[in-house]
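Structure first, commentary second.
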Amino acid sequence: MARKLRNVVLVDDNETTSFLNNRLLSRLNVADQVHTFSKADQAFQFLWGENPADNPSKDVPELVFVDLKMPGMDGFEFLKLYNELPASSREKTVMAVLTTSMHAADTARVAQYEGVEYLAKPLTEEKMQKLLEKRFVNN
């Protein structure tokens with residue numbers, strides 16, 4: 001069984017999706033805290049600040065779900081910024097794309113980022129359990 005996570009972050013502009021995902025995570029009791037953001041730039045700022053290299057000890061999330069298609073900063077831009085973080089910051093966080101897009105071009109773009117999980121919406125108990133077992137068992 002995977003351990004309980006300290007914090008999980010949901011980044012999705014769809015309020016209904018965020019509500020349902022938050023409810024699922026609460027029901028599964030997988031995290032002490034779940035933070036929800038409708039804007040990717042606000043989420044990134046909250047998580048890693050203006051200059052992440054200056055604050056590597058910040059309490060970073062263990063798991064971040066990000067949607068690809070959002071107004072303003074989209075999921076691809078979020079991944080690009082995440083990928084530019086120091087390795088010491090990236091290794092503390094599992095990044096997971098949670099999207100309706102199964103388009104080959106999108107999956108190929110996400111595959112450029114090492115270690116990023118790609119999940120199709122909706123998030124389900126089964127998908128969450130598989131992700132936890134894959135990335136958080138015995139960590």
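In the structure tokens, chains take letters A, B, ... by order of appearance, with residues numbered from 1 within each chain and ligands from 1 in the order shown.
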Expected answer as a compact mmCIF listing (two decimals) with N, CA and C atoms, in the first residue's frame: strand (DSSP E) residues in chain A:
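Generated file (out06.txt):
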```txt
# COMPACT_ATOMS: atom_id res chain seq x y z
N LEU A 5 0.14 10.87 1.28
CA LEU A 5 0.93 12.01 0.84
C LEU A 5 0.67 13.22 1.73
N ARG A 6 1.68 14.09 1.82
CA ARG A 6 1.53 15.33 2.57
C ARG A 6 0.60 16.28 1.84
N ASN A 7 0.87 16.49 0.54
CA ASN A 7 0.04 17.42 -0.20
C ASN A 7 -0.02 17.09 -1.68
N VAL A 8 -1.20 17.35 -2.24
CA VAL A 8 -1.48 17.12 -3.65
C VAL A 8 -2.04 18.43 -4.20
N VAL A 9 -1.67 18.75 -5.44
CA VAL A 9 -2.16 19.97 -6.08
C VAL A 9 -2.91 19.60 -7.36
N LEU A 10 -4.08 20.23 -7.53
CA LEU A 10 -4.88 20.06 -8.74
C LEU A 10 -4.88 21.39 -9.49
N VAL A 11 -4.49 21.36 -10.77
CA VAL A 11 -4.50 22.57 -11.59
C VAL A 11 -5.41 22.30 -12.79
N ALA A 31 -4.14 12.20 0.86
CA ALA A 31 -3.27 13.34 1.19
C ALA A 31 -3.79 14.10 2.40
N ASP A 32 -2.85 14.69 3.14
CA ASP A 32 -3.22 15.56 4.25
C ASP A 32 -3.86 16.85 3.75
N GLN A 33 -3.34 17.37 2.63
CA GLN A 33 -3.85 18.61 2.06
C GLN A 33 -4.00 18.48 0.56
N VAL A 34 -5.06 19.08 0.02
CA VAL A 34 -5.25 19.17 -1.43
C VAL A 34 -5.46 20.65 -1.76
N HIS A 35 -4.60 21.18 -2.60
CA HIS A 35 -4.71 22.57 -3.05
C HIS A 35 -5.25 22.55 -4.48
N THR A 36 -6.20 23.44 -4.76
CA THR A 36 -6.82 23.49 -6.08
C THR A 36 -6.59 24.87 -6.70
N PHE A 37 -6.18 24.88 -7.96
CA PHE A 37 -5.96 26.13 -8.69
C PHE A 37 -6.66 26.05 -10.04
N LEU A 63 2.67 15.56 -5.26
CA LEU A 63 1.98 15.18 -6.49
C LEU A 63 1.22 16.38 -7.03
N VAL A 64 1.42 16.66 -8.33
CA VAL A 64 0.70 17.74 -9.00
C VAL A 64 0.00 17.17 -10.22
N PHE A 65 -1.30 17.41 -10.31
CA PHE A 65 -2.07 17.09 -11.51
C PHE A 65 -2.28 18.39 -12.27
N VAL A 66 -1.95 18.40 -13.56
CA VAL A 66 -2.15 19.61 -14.36
C VAL A 66 -2.87 19.26 -15.65
N VAL A 94 6.02 14.49 -8.01
CA VAL A 94 5.57 13.71 -9.16
C VAL A 94 4.59 14.58 -9.93
N MET A 95 4.89 14.78 -11.21
CA MET A 95 4.05 15.61 -12.08
C MET A 95 3.19 14.67 -12.92
N ALA A 96 1.88 14.93 -12.93
CA ALA A 96 0.97 14.11 -13.72
C ALA A 96 0.06 15.00 -14.55
N VAL A 97 0.03 14.77 -15.84
CA VAL A 97 -0.90 15.45 -16.73
C VAL A 97 -2.22 14.70 -16.63
N LEU A 98 -3.30 15.44 -16.41
CA LEU A 98 -4.63 14.86 -16.33
C LEU A 98 -5.48 15.62 -17.35
N THR A 99 -5.80 14.95 -18.46
CA THR A 99 -6.39 15.66 -19.59
C THR A 99 -7.41 14.80 -20.34
N GLU A 117 3.79 11.70 -15.68
CA GLU A 117 2.73 10.72 -15.93
C GLU A 117 1.67 11.34 -16.83
N TYR A 118 0.99 10.52 -17.62
CA TYR A 118 -0.06 11.00 -18.54
C TYR A 118 -1.32 10.20 -18.26
N LEU A 119 -2.34 10.88 -17.73
CA LEU A 119 -3.59 10.21 -17.38
C LEU A 119 -4.76 10.85 -18.12
N ALA A 120 -5.68 10.01 -18.56
CA ALA A 120 -6.89 10.50 -19.22
C ALA A 120 -7.96 10.79 -18.18
```
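Shell of Phe76 (chain A) at 9 Å, with only C-alpha atoms counted and residues fewer than 6 places along the chain excluded, is Asp67, Leu68, Lys69, Asp106, Arg109 and Val110 of chain A.
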Saved selection, atoms kept: N, CA, C and O atoms, as an mmCIF file, in the first residue's frame:
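The new file again-v8.cif reads:
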```cif
data_model
loop_
_atom_site.group_PDB
_atom_site.id
_atom_site.type_symbol
_atom_site.label_atom_id
_atom_site.label_comp_id
_atom_site.auth_asym_id
_atom_site.auth_seq_id
_atom_site.Cartn_x
_atom_site.Cartn_y
_atom_site.Cartn_z
ATOM 1 N N ASP A 67 -3.883 20.064 -15.990
ATOM 2 C CA ASP A 67 -4.605 19.913 -17.247
ATOM 3 C C ASP A 67 -3.760 20.545 -18.349
ATOM 4 O O ASP A 67 -2.993 21.474 -18.100
ATOM 5 N N LEU A 68 -3.894 20.075 -19.570
ATOM 6 C CA LEU A 68 -3.133 20.651 -20.683
ATOM 7 C C LEU A 68 -3.801 21.882 -21.265
ATOM 8 O O LEU A 68 -3.151 22.876 -21.568
ATOM 9 N N LYS A 69 -5.099 21.814 -21.472
ATOM 10 C CA LYS A 69 -5.831 22.874 -22.166
ATOM 11 C C LYS A 69 -6.470 23.827 -21.156
ATOM 12 O O LYS A 69 -7.505 23.514 -20.561
ATOM 13 N N ASP A 106 -0.117 15.679 -28.502
ATOM 14 C CA ASP A 106 -0.049 16.065 -27.091
ATOM 15 C C ASP A 106 0.726 15.043 -26.271
ATOM 16 O O ASP A 106 1.567 15.408 -25.448
ATOM 17 N N ARG A 109 4.374 15.503 -26.974
ATOM 18 C CA ARG A 109 4.941 16.697 -26.317
ATOM 19 C C ARG A 109 5.183 16.446 -24.837
ATOM 20 O O ARG A 109 6.203 16.846 -24.282
ATOM 21 N N VAL A 110 4.245 15.779 -24.187
ATOM 22 C CA VAL A 110 4.401 15.494 -22.764
ATOM 23 C C VAL A 110 5.531 14.487 -22.544
ATOM 24 O O VAL A 110 6.286 14.591 -21.577
#
```
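With only C-alpha atoms taken into account, the protein and nucleic acid residues at most 8 Å from region 40-50 of chain A (excluding it and anything under 4 positions from it in its own chain) are Val11, Asp12, Lys58, Val60, Pro61, Val66, Met70, Gly72, Met73, Asp74, Gly75 and Phe78 of chain A.
We find CA of Lys80 (chain A) and CA of Arg23 (chain A) to be spaced 28.6 Å apart.
Atom to atom, CA of Lys130 (chain A) and CA of Glu77 (chain A) stand 26.3 Å apart.
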Original post:
Hey, what's within 12 Å of Lys4 (chain A) if we count only C-alpha atoms and toss same-chain stuff fewer than 5 positions away? As JSON, numbers by chain, please?
Top reply: {"A": [25, 26, 28, 29, 30, 31, 32, 33, 62, 63, 129, 132, 133, 136, 137, 138, 139]}
Subject >> Nearest candidate to Pro122 (chain A) (options A:Ser101, A:Arg135, A:Tyr82, A:Ser38; using only C-alpha atoms) >> reply: A:Ser101
Original post:
Pick the closest to Lys127 (chain A) from A:Lys39, A:Gly115, A:Leu24, A:Thr16: which is it, counting only C-alpha atoms?
Top reply: A:Leu24
Original post:
Mind pulling up the distance from CA of Arg27 (chain A) to CA of Glu15 (chain A)?
Top reply: 18.1 Å
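Around Asn83 (chain A), within 9 Å and counting only C-alpha atoms, the residues found are Phe78, Arg90, Tyr113 and Glu114 of chain A, once anything fewer than 5 positions away on its own chain is removed.
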Take the selection from the previous step and output its residues with C-alpha atoms, as a short mmCIF file (atom, residue, chain, number, x, y, z; two decimals), in the first residue's frame.
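Contents of selection22.cif, freshly written:
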```
data_model
loop_
_atom_site.label_atom_id
_atom_site.label_comp_id
_atom_site.auth_asym_id
_atom_site.auth_seq_id
_atom_site.Cartn_x
_atom_site.Cartn_y
_atom_site.Cartn_z
CA PHE A 78 3.54 24.77 -16.79
CA ARG A 90 11.76 18.32 -9.38
CA TYR A 113 9.48 15.63 -20.09
CA GLU A 114 11.11 12.79 -18.18
#
```
Check chain A with DSSP on the backbone and list each residue it calls helix (DSSP H, G or I), as a PDB file with N, CA, C and O atoms, in the first residue's frame.
```
ATOM      1  N   GLU A  15     -14.129  24.018 -12.995  1.00  0.00           N
ATOM      2  CA  GLU A  15     -14.486  23.929 -11.578  1.00  0.00           C
ATOM      3  C   GLU A  15     -15.116  22.589 -11.216  1.00  0.00           C
ATOM      4  O   GLU A  15     -14.859  22.043 -10.142  1.00  0.00           O
ATOM      5  N   THR A  16     -15.943  22.057 -12.107  1.00  0.00           N
ATOM      6  CA  THR A  16     -16.595  20.775 -11.834  1.00  0.00           C
ATOM      7  C   THR A  16     -15.560  19.655 -11.740  1.00  0.00           C
ATOM      8  O   THR A  16     -15.603  18.833 -10.823  1.00  0.00           O
ATOM      9  N   THR A  17     -14.618  19.644 -12.688  1.00  0.00           N
ATOM     10  CA  THR A  17     -13.558  18.635 -12.665  1.00  0.00           C
ATOM     11  C   THR A  17     -12.754  18.736 -11.377  1.00  0.00           C
ATOM     12  O   THR A  17     -12.479  17.724 -10.717  1.00  0.00           O
ATOM     13  N   SER A  18     -12.369  19.949 -10.998  1.00  0.00           N
ATOM     14  CA  SER A  18     -11.595  20.145  -9.769  1.00  0.00           C
ATOM     15  C   SER A  18     -12.374  19.690  -8.547  1.00  0.00           C
ATOM     16  O   SER A  18     -11.830  19.032  -7.652  1.00  0.00           O
ATOM     17  N   PHE A  19     -13.668  20.012  -8.508  1.00  0.00           N
ATOM     18  CA  PHE A  19     -14.514  19.601  -7.392  1.00  0.00           C
ATOM     19  C   PHE A  19     -14.566  18.076  -7.275  1.00  0.00           C
ATOM     20  O   PHE A  19     -14.382  17.508  -6.193  1.00  0.00           O
ATOM     21  N   LEU A  20     -14.821  17.409  -8.415  1.00  0.00           N
ATOM     22  CA  LEU A  20     -14.920  15.941  -8.404  1.00  0.00           C
ATOM     23  C   LEU A  20     -13.592  15.290  -8.041  1.00  0.00           C
ATOM     24  O   LEU A  20     -13.557  14.313  -7.285  1.00  0.00           O
ATOM     25  N   ASN A  21     -12.488  15.821  -8.572  1.00  0.00           N
ATOM     26  CA  ASN A  21     -11.174  15.268  -8.237  1.00  0.00           C
ATOM     27  C   ASN A  21     -10.851  15.467  -6.763  1.00  0.00           C
ATOM     28  O   ASN A  21     -10.327  14.561  -6.104  1.00  0.00           O
ATOM     29  N   ASN A  22     -11.172  16.638  -6.254  1.00  0.00           N
ATOM     30  CA  ASN A  22     -10.943  16.928  -4.845  1.00  0.00           C
ATOM     31  C   ASN A  22     -11.755  15.971  -3.967  1.00  0.00           C
ATOM     32  O   ASN A  22     -11.246  15.440  -2.971  1.00  0.00           O
ATOM     33  N   ARG A  23     -13.001  15.755  -4.359  1.00  0.00           N
ATOM     34  CA  ARG A  23     -13.868  14.837  -3.612  1.00  0.00           C
ATOM     35  C   ARG A  23     -13.310  13.408  -3.622  1.00  0.00           C
ATOM     36  O   ARG A  23     -13.304  12.708  -2.609  1.00  0.00           O
ATOM     37  N   LEU A  24     -12.840  12.971  -4.804  1.00  0.00           N
ATOM     38  CA  LEU A  24     -12.260  11.631  -4.911  1.00  0.00           C
ATOM     39  C   LEU A  24     -11.036  11.493  -4.006  1.00  0.00           C
ATOM     40  O   LEU A  24     -10.906  10.516  -3.264  1.00  0.00           O
ATOM     41  N   LEU A  25     -10.143  12.472  -4.054  1.00  0.00           N
ATOM     42  CA  LEU A  25      -8.934  12.414  -3.223  1.00  0.00           C
ATOM     43  C   LEU A  25      -9.281  12.418  -1.739  1.00  0.00           C
ATOM     44  O   LEU A  25      -8.649  11.716  -0.948  1.00  0.00           O
ATOM     45  N   SER A  26     -10.286  13.196  -1.364  1.00  0.00           N
ATOM     46  CA  SER A  26     -10.724  13.214   0.038  1.00  0.00           C
ATOM     47  C   SER A  26     -11.284  11.856   0.451  1.00  0.00           C
ATOM     48  O   SER A  26     -10.963  11.343   1.522  1.00  0.00           O
ATOM     49  N   ARG A  27     -12.125  11.297  -0.414  1.00  0.00           N
ATOM     50  CA  ARG A  27     -12.734   9.997  -0.109  1.00  0.00           C
ATOM     51  C   ARG A  27     -11.674   8.907   0.027  1.00  0.00           C
ATOM     52  O   ARG A  27     -11.754   8.038   0.890  1.00  0.00           O
ATOM     53  N   LEU A  28     -10.653   8.975  -0.831  1.00  0.00           N
ATOM     54  CA  LEU A  28      -9.583   7.975  -0.783  1.00  0.00           C
ATOM     55  C   LEU A  28      -8.580   8.245   0.336  1.00  0.00           C
ATOM     56  O   LEU A  28      -7.745   7.395   0.638  1.00  0.00           O
ATOM     57  N   ALA A  40      -2.891  28.077 -14.072  1.00  0.00           N
ATOM     58  CA  ALA A  40      -1.586  27.434 -13.951  1.00  0.00           C
ATOM     59  C   ALA A  40      -0.517  28.387 -13.436  1.00  0.00           C
ATOM     60  O   ALA A  40       0.338  27.991 -12.637  1.00  0.00           O
ATOM     61  N   ASP A  41      -0.549  29.653 -13.874  1.00  0.00           N
ATOM     62  CA  ASP A  41       0.479  30.591 -13.413  1.00  0.00           C
ATOM     63  C   ASP A  41       0.370  30.840 -11.910  1.00  0.00           C
ATOM     64  O   ASP A  41       1.385  30.917 -11.213  1.00  0.00           O
ATOM     65  N   GLN A  42      -0.852  30.919 -11.387  1.00  0.00           N
ATOM     66  CA  GLN A  42      -1.034  31.098  -9.945  1.00  0.00           C
ATOM     67  C   GLN A  42      -0.543  29.869  -9.176  1.00  0.00           C
ATOM     68  O   GLN A  42       0.075  29.994  -8.121  1.00  0.00           O
ATOM     69  N   ALA A  43      -0.818  28.690  -9.716  1.00  0.00           N
ATOM     70  CA  ALA A  43      -0.365  27.457  -9.068  1.00  0.00           C
ATOM     71  C   ALA A  43       1.159  27.407  -9.022  1.00  0.00           C
ATOM     72  O   ALA A  43       1.746  27.117  -7.977  1.00  0.00           O
ATOM     73  N   PHE A  44       1.795  27.703 -10.140  1.00  0.00           N
ATOM     74  CA  PHE A  44       3.262  27.648 -10.184  1.00  0.00           C
ATOM     75  C   PHE A  44       3.855  28.652  -9.205  1.00  0.00           C
ATOM     76  O   PHE A  44       4.790  28.325  -8.463  1.00  0.00           O
ATOM     77  N   GLN A  45       3.310  29.859  -9.187  1.00  0.00           N
ATOM     78  CA  GLN A  45       3.789  30.907  -8.274  1.00  0.00           C
ATOM     79  C   GLN A  45       3.651  30.462  -6.821  1.00  0.00           C
ATOM     80  O   GLN A  45       4.559  30.618  -6.017  1.00  0.00           O
ATOM     81  N   PHE A  46       2.493  29.879  -6.477  1.00  0.00           N
ATOM     82  CA  PHE A  46       2.246  29.398  -5.118  1.00  0.00           C
ATOM     83  C   PHE A  46       3.224  28.279  -4.744  1.00  0.00           C
ATOM     84  O   PHE A  46       3.756  28.246  -3.644  1.00  0.00           O
ATOM     85  N   LEU A  47       3.447  27.363  -5.690  1.00  0.00           N
ATOM     86  CA  LEU A  47       4.257  26.187  -5.405  1.00  0.00           C
ATOM     87  C   LEU A  47       5.754  26.467  -5.344  1.00  0.00           C
ATOM     88  O   LEU A  47       6.450  25.984  -4.460  1.00  0.00           O
ATOM     89  N   TRP A  48       6.233  27.226  -6.324  1.00  0.00           N
ATOM     90  CA  TRP A  48       7.686  27.391  -6.422  1.00  0.00           C
ATOM     91  C   TRP A  48       8.162  28.829  -6.360  1.00  0.00           C
ATOM     92  O   TRP A  48       9.354  29.084  -6.395  1.00  0.00           O
ATOM     93  N   PRO A  52      12.567  29.850  -7.744  1.00  0.00           N
ATOM     94  CA  PRO A  52      12.622  28.582  -6.995  1.00  0.00           C
ATOM     95  C   PRO A  52      14.020  28.190  -6.542  1.00  0.00           C
ATOM     96  O   PRO A  52      14.185  27.550  -5.516  1.00  0.00           O
ATOM     97  N   ALA A  53      15.046  28.588  -7.271  1.00  0.00           N
ATOM     98  CA  ALA A  53      16.416  28.220  -6.907  1.00  0.00           C
ATOM     99  C   ALA A  53      16.831  28.853  -5.583  1.00  0.00           C
ATOM    100  O   ALA A  53      17.676  28.321  -4.868  1.00  0.00           O
ATOM    101  N   ASP A  54      16.204  29.984  -5.240  1.00  0.00           N
ATOM    102  CA  ASP A  54      16.539  30.666  -3.991  1.00  0.00           C
ATOM    103  C   ASP A  54      15.906  30.014  -2.774  1.00  0.00           C
ATOM    104  O   ASP A  54      16.275  30.309  -1.650  1.00  0.00           O
ATOM    105  N   GLY A  75      -1.066  23.833 -19.720  1.00  0.00           N
ATOM    106  CA  GLY A  75      -0.299  22.766 -19.082  1.00  0.00           C
ATOM    107  C   GLY A  75       1.088  22.567 -19.679  1.00  0.00           C
ATOM    108  O   GLY A  75       2.034  22.227 -18.975  1.00  0.00           O
ATOM    109  N   PHE A  76       1.228  22.802 -20.979  1.00  0.00           N
ATOM    110  CA  PHE A  76       2.543  22.660 -21.610  1.00  0.00           C
ATOM    111  C   PHE A  76       3.522  23.712 -21.088  1.00  0.00           C
ATOM    112  O   PHE A  76       4.680  23.407 -20.816  1.00  0.00           O
ATOM    113  N   GLU A  77       3.042  24.948 -20.937  1.00  0.00           N
ATOM    114  CA  GLU A  77       3.902  26.007 -20.386  1.00  0.00           C
ATOM    115  C   GLU A  77       4.270  25.689 -18.933  1.00  0.00           C
ATOM    116  O   GLU A  77       5.403  25.926 -18.502  1.00  0.00           O
ATOM    117  N   PHE A  78       3.304  25.155 -18.183  1.00  0.00           N
ATOM    118  CA  PHE A  78       3.544  24.765 -16.790  1.00  0.00           C
ATOM    119  C   PHE A  78       4.637  23.696 -16.729  1.00  0.00           C
ATOM    120  O   PHE A  78       5.563  23.788 -15.924  1.00  0.00           O
ATOM    121  N   LEU A  79       4.530  22.693 -17.617  1.00  0.00           N
ATOM    122  CA  LEU A  79       5.543  21.630 -17.660  1.00  0.00           C
ATOM    123  C   LEU A  79       6.917  22.176 -18.027  1.00  0.00           C
ATOM    124  O   LEU A  79       7.939  21.750 -17.480  1.00  0.00           O
ATOM    125  N   LYS A  80       6.949  23.123 -18.963  1.00  0.00           N
ATOM    126  CA  LYS A  80       8.218  23.725 -19.376  1.00  0.00           C
ATOM    127  C   LYS A  80       8.887  24.424 -18.188  1.00  0.00           C
ATOM    128  O   LYS A  80      10.071  24.238 -17.931  1.00  0.00           O
ATOM    129  N   LEU A  81       8.118  25.217 -17.444  1.00  0.00           N
ATOM    130  CA  LEU A  81       8.660  25.894 -16.259  1.00  0.00           C
ATOM    131  C   LEU A  81       9.088  24.885 -15.194  1.00  0.00           C
ATOM    132  O   LEU A  81      10.136  25.036 -14.572  1.00  0.00           O
ATOM    133  N   TYR A  82       8.274  23.870 -14.997  1.00  0.00           N
ATOM    134  CA  TYR A  82       8.605  22.813 -14.030  1.00  0.00           C
ATOM    135  C   TYR A  82       9.923  22.144 -14.412  1.00  0.00           C
ATOM    136  O   TYR A  82      10.783  21.902 -13.568  1.00  0.00           O
ATOM    137  N   ASN A  83      10.096  21.885 -15.703  1.00  0.00           N
ATOM    138  CA  ASN A  83      11.298  21.225 -16.191  1.00  0.00           C
ATOM    139  C   ASN A  83      12.549  22.086 -15.991  1.00  0.00           C
ATOM    140  O   ASN A  83      13.655  21.565 -15.936  1.00  0.00           O
ATOM    141  N   ALA A  87      16.978  20.254 -10.280  1.00  0.00           N
ATOM    142  CA  ALA A  87      16.666  18.825 -10.102  1.00  0.00           C
ATOM    143  C   ALA A  87      16.249  18.523  -8.668  1.00  0.00           C
ATOM    144  O   ALA A  87      15.377  17.692  -8.429  1.00  0.00           O
ATOM    145  N   SER A  88      16.836  19.226  -7.708  1.00  0.00           N
ATOM    146  CA  SER A  88      16.504  18.995  -6.297  1.00  0.00           C
ATOM    147  C   SER A  88      15.039  19.311  -6.002  1.00  0.00           C
ATOM    148  O   SER A  88      14.434  18.704  -5.126  1.00  0.00           O
ATOM    149  N   SER A  89      14.469  20.258  -6.751  1.00  0.00           N
ATOM    150  CA  SER A  89      13.041  20.573  -6.586  1.00  0.00           C
ATOM    151  C   SER A  89      12.173  19.570  -7.329  1.00  0.00           C
ATOM    152  O   SER A  89      11.155  19.110  -6.812  1.00  0.00           O
ATOM    153  N   ARG A  90      12.569  19.238  -8.560  1.00  0.00           N
ATOM    154  CA  ARG A  90      11.765  18.316  -9.378  1.00  0.00           C
ATOM    155  C   ARG A  90      11.680  16.926  -8.769  1.00  0.00           C
ATOM    156  O   ARG A  90      10.647  16.275  -8.848  1.00  0.00           O
ATOM    157  N   ALA A 104      -2.170  12.300 -30.345  1.00  0.00           N
ATOM    158  CA  ALA A 104      -0.784  11.832 -30.421  1.00  0.00           C
ATOM    159  C   ALA A 104       0.221  12.971 -30.274  1.00  0.00           C
ATOM    160  O   ALA A 104       1.275  12.799 -29.647  1.00  0.00           O
ATOM    161  N   ALA A 105      -0.093  14.132 -30.831  1.00  0.00           N
ATOM    162  CA  ALA A 105       0.828  15.275 -30.723  1.00  0.00           C
ATOM    163  C   ALA A 105       0.976  15.716 -29.267  1.00  0.00           C
ATOM    164  O   ALA A 105       2.080  16.070 -28.832  1.00  0.00           O
ATOM    165  N   ASP A 106      -0.117  15.679 -28.502  1.00  0.00           N
ATOM    166  CA  ASP A 106      -0.049  16.065 -27.091  1.00  0.00           C
ATOM    167  C   ASP A 106       0.726  15.043 -26.271  1.00  0.00           C
ATOM    168  O   ASP A 106       1.567  15.408 -25.448  1.00  0.00           O
ATOM    169  N   THR A 107       0.456  13.762 -26.506  1.00  0.00           N
ATOM    170  CA  THR A 107       1.183  12.735 -25.753  1.00  0.00           C
ATOM    171  C   THR A 107       2.670  12.796 -26.079  1.00  0.00           C
ATOM    172  O   THR A 107       3.510  12.630 -25.192  1.00  0.00           O
ATOM    173  N   ALA A 108       3.005  13.067 -27.330  1.00  0.00           N
ATOM    174  CA  ALA A 108       4.417  13.178 -27.724  1.00  0.00           C
ATOM    175  C   ALA A 108       5.077  14.379 -27.053  1.00  0.00           C
ATOM    176  O   ALA A 108       6.226  14.284 -26.598  1.00  0.00           O
ATOM    177  N   ARG A 109       4.374  15.503 -26.974  1.00  0.00           N
ATOM    178  CA  ARG A 109       4.941  16.697 -26.317  1.00  0.00           C
ATOM    179  C   ARG A 109       5.183  16.446 -24.837  1.00  0.00           C
ATOM    180  O   ARG A 109       6.203  16.846 -24.282  1.00  0.00           O
ATOM    181  N   VAL A 110       4.245  15.779 -24.187  1.00  0.00           N
ATOM    182  CA  VAL A 110       4.401  15.494 -22.764  1.00  0.00           C
ATOM    183  C   VAL A 110       5.531  14.487 -22.544  1.00  0.00           C
ATOM    184  O   VAL A 110       6.286  14.591 -21.577  1.00  0.00           O
ATOM    185  N   ALA A 111       5.676  13.540 -23.455  1.00  0.00           N
ATOM    186  CA  ALA A 111       6.712  12.508 -23.333  1.00  0.00           C
ATOM    187  C   ALA A 111       8.129  13.089 -23.349  1.00  0.00           C
ATOM    188  O   ALA A 111       9.069  12.444 -22.901  1.00  0.00           O
ATOM    189  N   GLU A 125     -10.664   6.118  -8.967  1.00  0.00           N
ATOM    190  CA  GLU A 125      -9.986   5.454  -7.859  1.00  0.00           C
ATOM    191  C   GLU A 125      -8.921   4.493  -8.402  1.00  0.00           C
ATOM    192  O   GLU A 125      -7.807   4.438  -7.891  1.00  0.00           O
ATOM    193  N   GLU A 126      -9.266   3.759  -9.454  1.00  0.00           N
ATOM    194  CA  GLU A 126      -8.314   2.799 -10.035  1.00  0.00           C
ATOM    195  C   GLU A 126      -7.066   3.508 -10.575  1.00  0.00           C
ATOM    196  O   GLU A 126      -5.941   3.082 -10.311  1.00  0.00           O
ATOM    197  N   LYS A 127      -7.243   4.607 -11.314  1.00  0.00           N
ATOM    198  CA  LYS A 127      -6.094   5.353 -11.858  1.00  0.00           C
ATOM    199  C   LYS A 127      -5.234   5.917 -10.728  1.00  0.00           C
ATOM    200  O   LYS A 127      -4.010   5.906 -10.798  1.00  0.00           O
ATOM    201  N   MET A 128      -5.904   6.413  -9.688  1.00  0.00           N
ATOM    202  CA  MET A 128      -5.174   6.985  -8.553  1.00  0.00           C
ATOM    203  C   MET A 128      -4.373   5.906  -7.831  1.00  0.00           C
ATOM    204  O   MET A 128      -3.199   6.112  -7.497  1.00  0.00           O
ATOM    205  N   GLN A 129      -4.979   4.747  -7.615  1.00  0.00           N
ATOM    206  CA  GLN A 129      -4.273   3.653  -6.938  1.00  0.00           C
ATOM    207  C   GLN A 129      -3.057   3.189  -7.748  1.00  0.00           C
ATOM    208  O   GLN A 129      -1.987   2.955  -7.191  1.00  0.00           O
ATOM    209  N   LYS A 130      -3.224   3.069  -9.074  1.00  0.00           N
ATOM    210  CA  LYS A 130      -2.110   2.657  -9.929  1.00  0.00           C
ATOM    211  C   LYS A 130      -0.965   3.665  -9.868  1.00  0.00           C
ATOM    212  O   LYS A 130       0.205   3.288  -9.791  1.00  0.00           O
ATOM    213  N   LEU A 131      -1.313   4.949  -9.901  1.00  0.00           N
ATOM    214  CA  LEU A 131      -0.299   5.996  -9.831  1.00  0.00           C
ATOM    215  C   LEU A 131       0.429   5.959  -8.488  1.00  0.00           C
ATOM    216  O   LEU A 131       1.664   6.035  -8.440  1.00  0.00           O
ATOM    217  N   LEU A 132      -0.318   5.820  -7.406  1.00  0.00           N
ATOM    218  CA  LEU A 132       0.294   5.760  -6.077  1.00  0.00           C
ATOM    219  C   LEU A 132       1.216   4.549  -5.952  1.00  0.00           C
ATOM    220  O   LEU A 132       2.320   4.655  -5.417  1.00  0.00           O
ATOM    221  N   GLU A 133       0.758   3.406  -6.455  1.00  0.00           N
ATOM    222  CA  GLU A 133       1.577   2.198  -6.375  1.00  0.00           C
ATOM    223  C   GLU A 133       2.839   2.321  -7.227  1.00  0.00           C
ATOM    224  O   GLU A 133       3.914   1.880  -6.835  1.00  0.00           O
ATOM    225  N   LYS A 134       2.711   2.954  -8.384  1.00  0.00           N
ATOM    226  CA  LYS A 134       3.851   3.109  -9.289  1.00  0.00           C
ATOM    227  C   LYS A 134       4.894   4.082  -8.753  1.00  0.00           C
ATOM    228  O   LYS A 134       6.097   3.832  -8.839  1.00  0.00           O
ATOM    229  N   ARG A 135       4.441   5.188  -8.188  1.00  0.00           N
ATOM    230  CA  ARG A 135       5.361   6.279  -7.840  1.00  0.00           C
ATOM    231  C   ARG A 135       5.619   6.501  -6.354  1.00  0.00           C
ATOM    232  O   ARG A 135       6.560   7.211  -6.010  1.00  0.00           O
ATOM    233  N   PHE A 136       4.770   5.913  -5.470  1.00  0.00           N
ATOM    234  CA  PHE A 136       4.919   6.250  -4.060  1.00  0.00           C
ATOM    235  C   PHE A 136       5.055   5.061  -3.107  1.00  0.00           C
ATOM    236  O   PHE A 136       5.156   5.240  -1.918  1.00  0.00           O
TER     237      PHE A 136
END
```
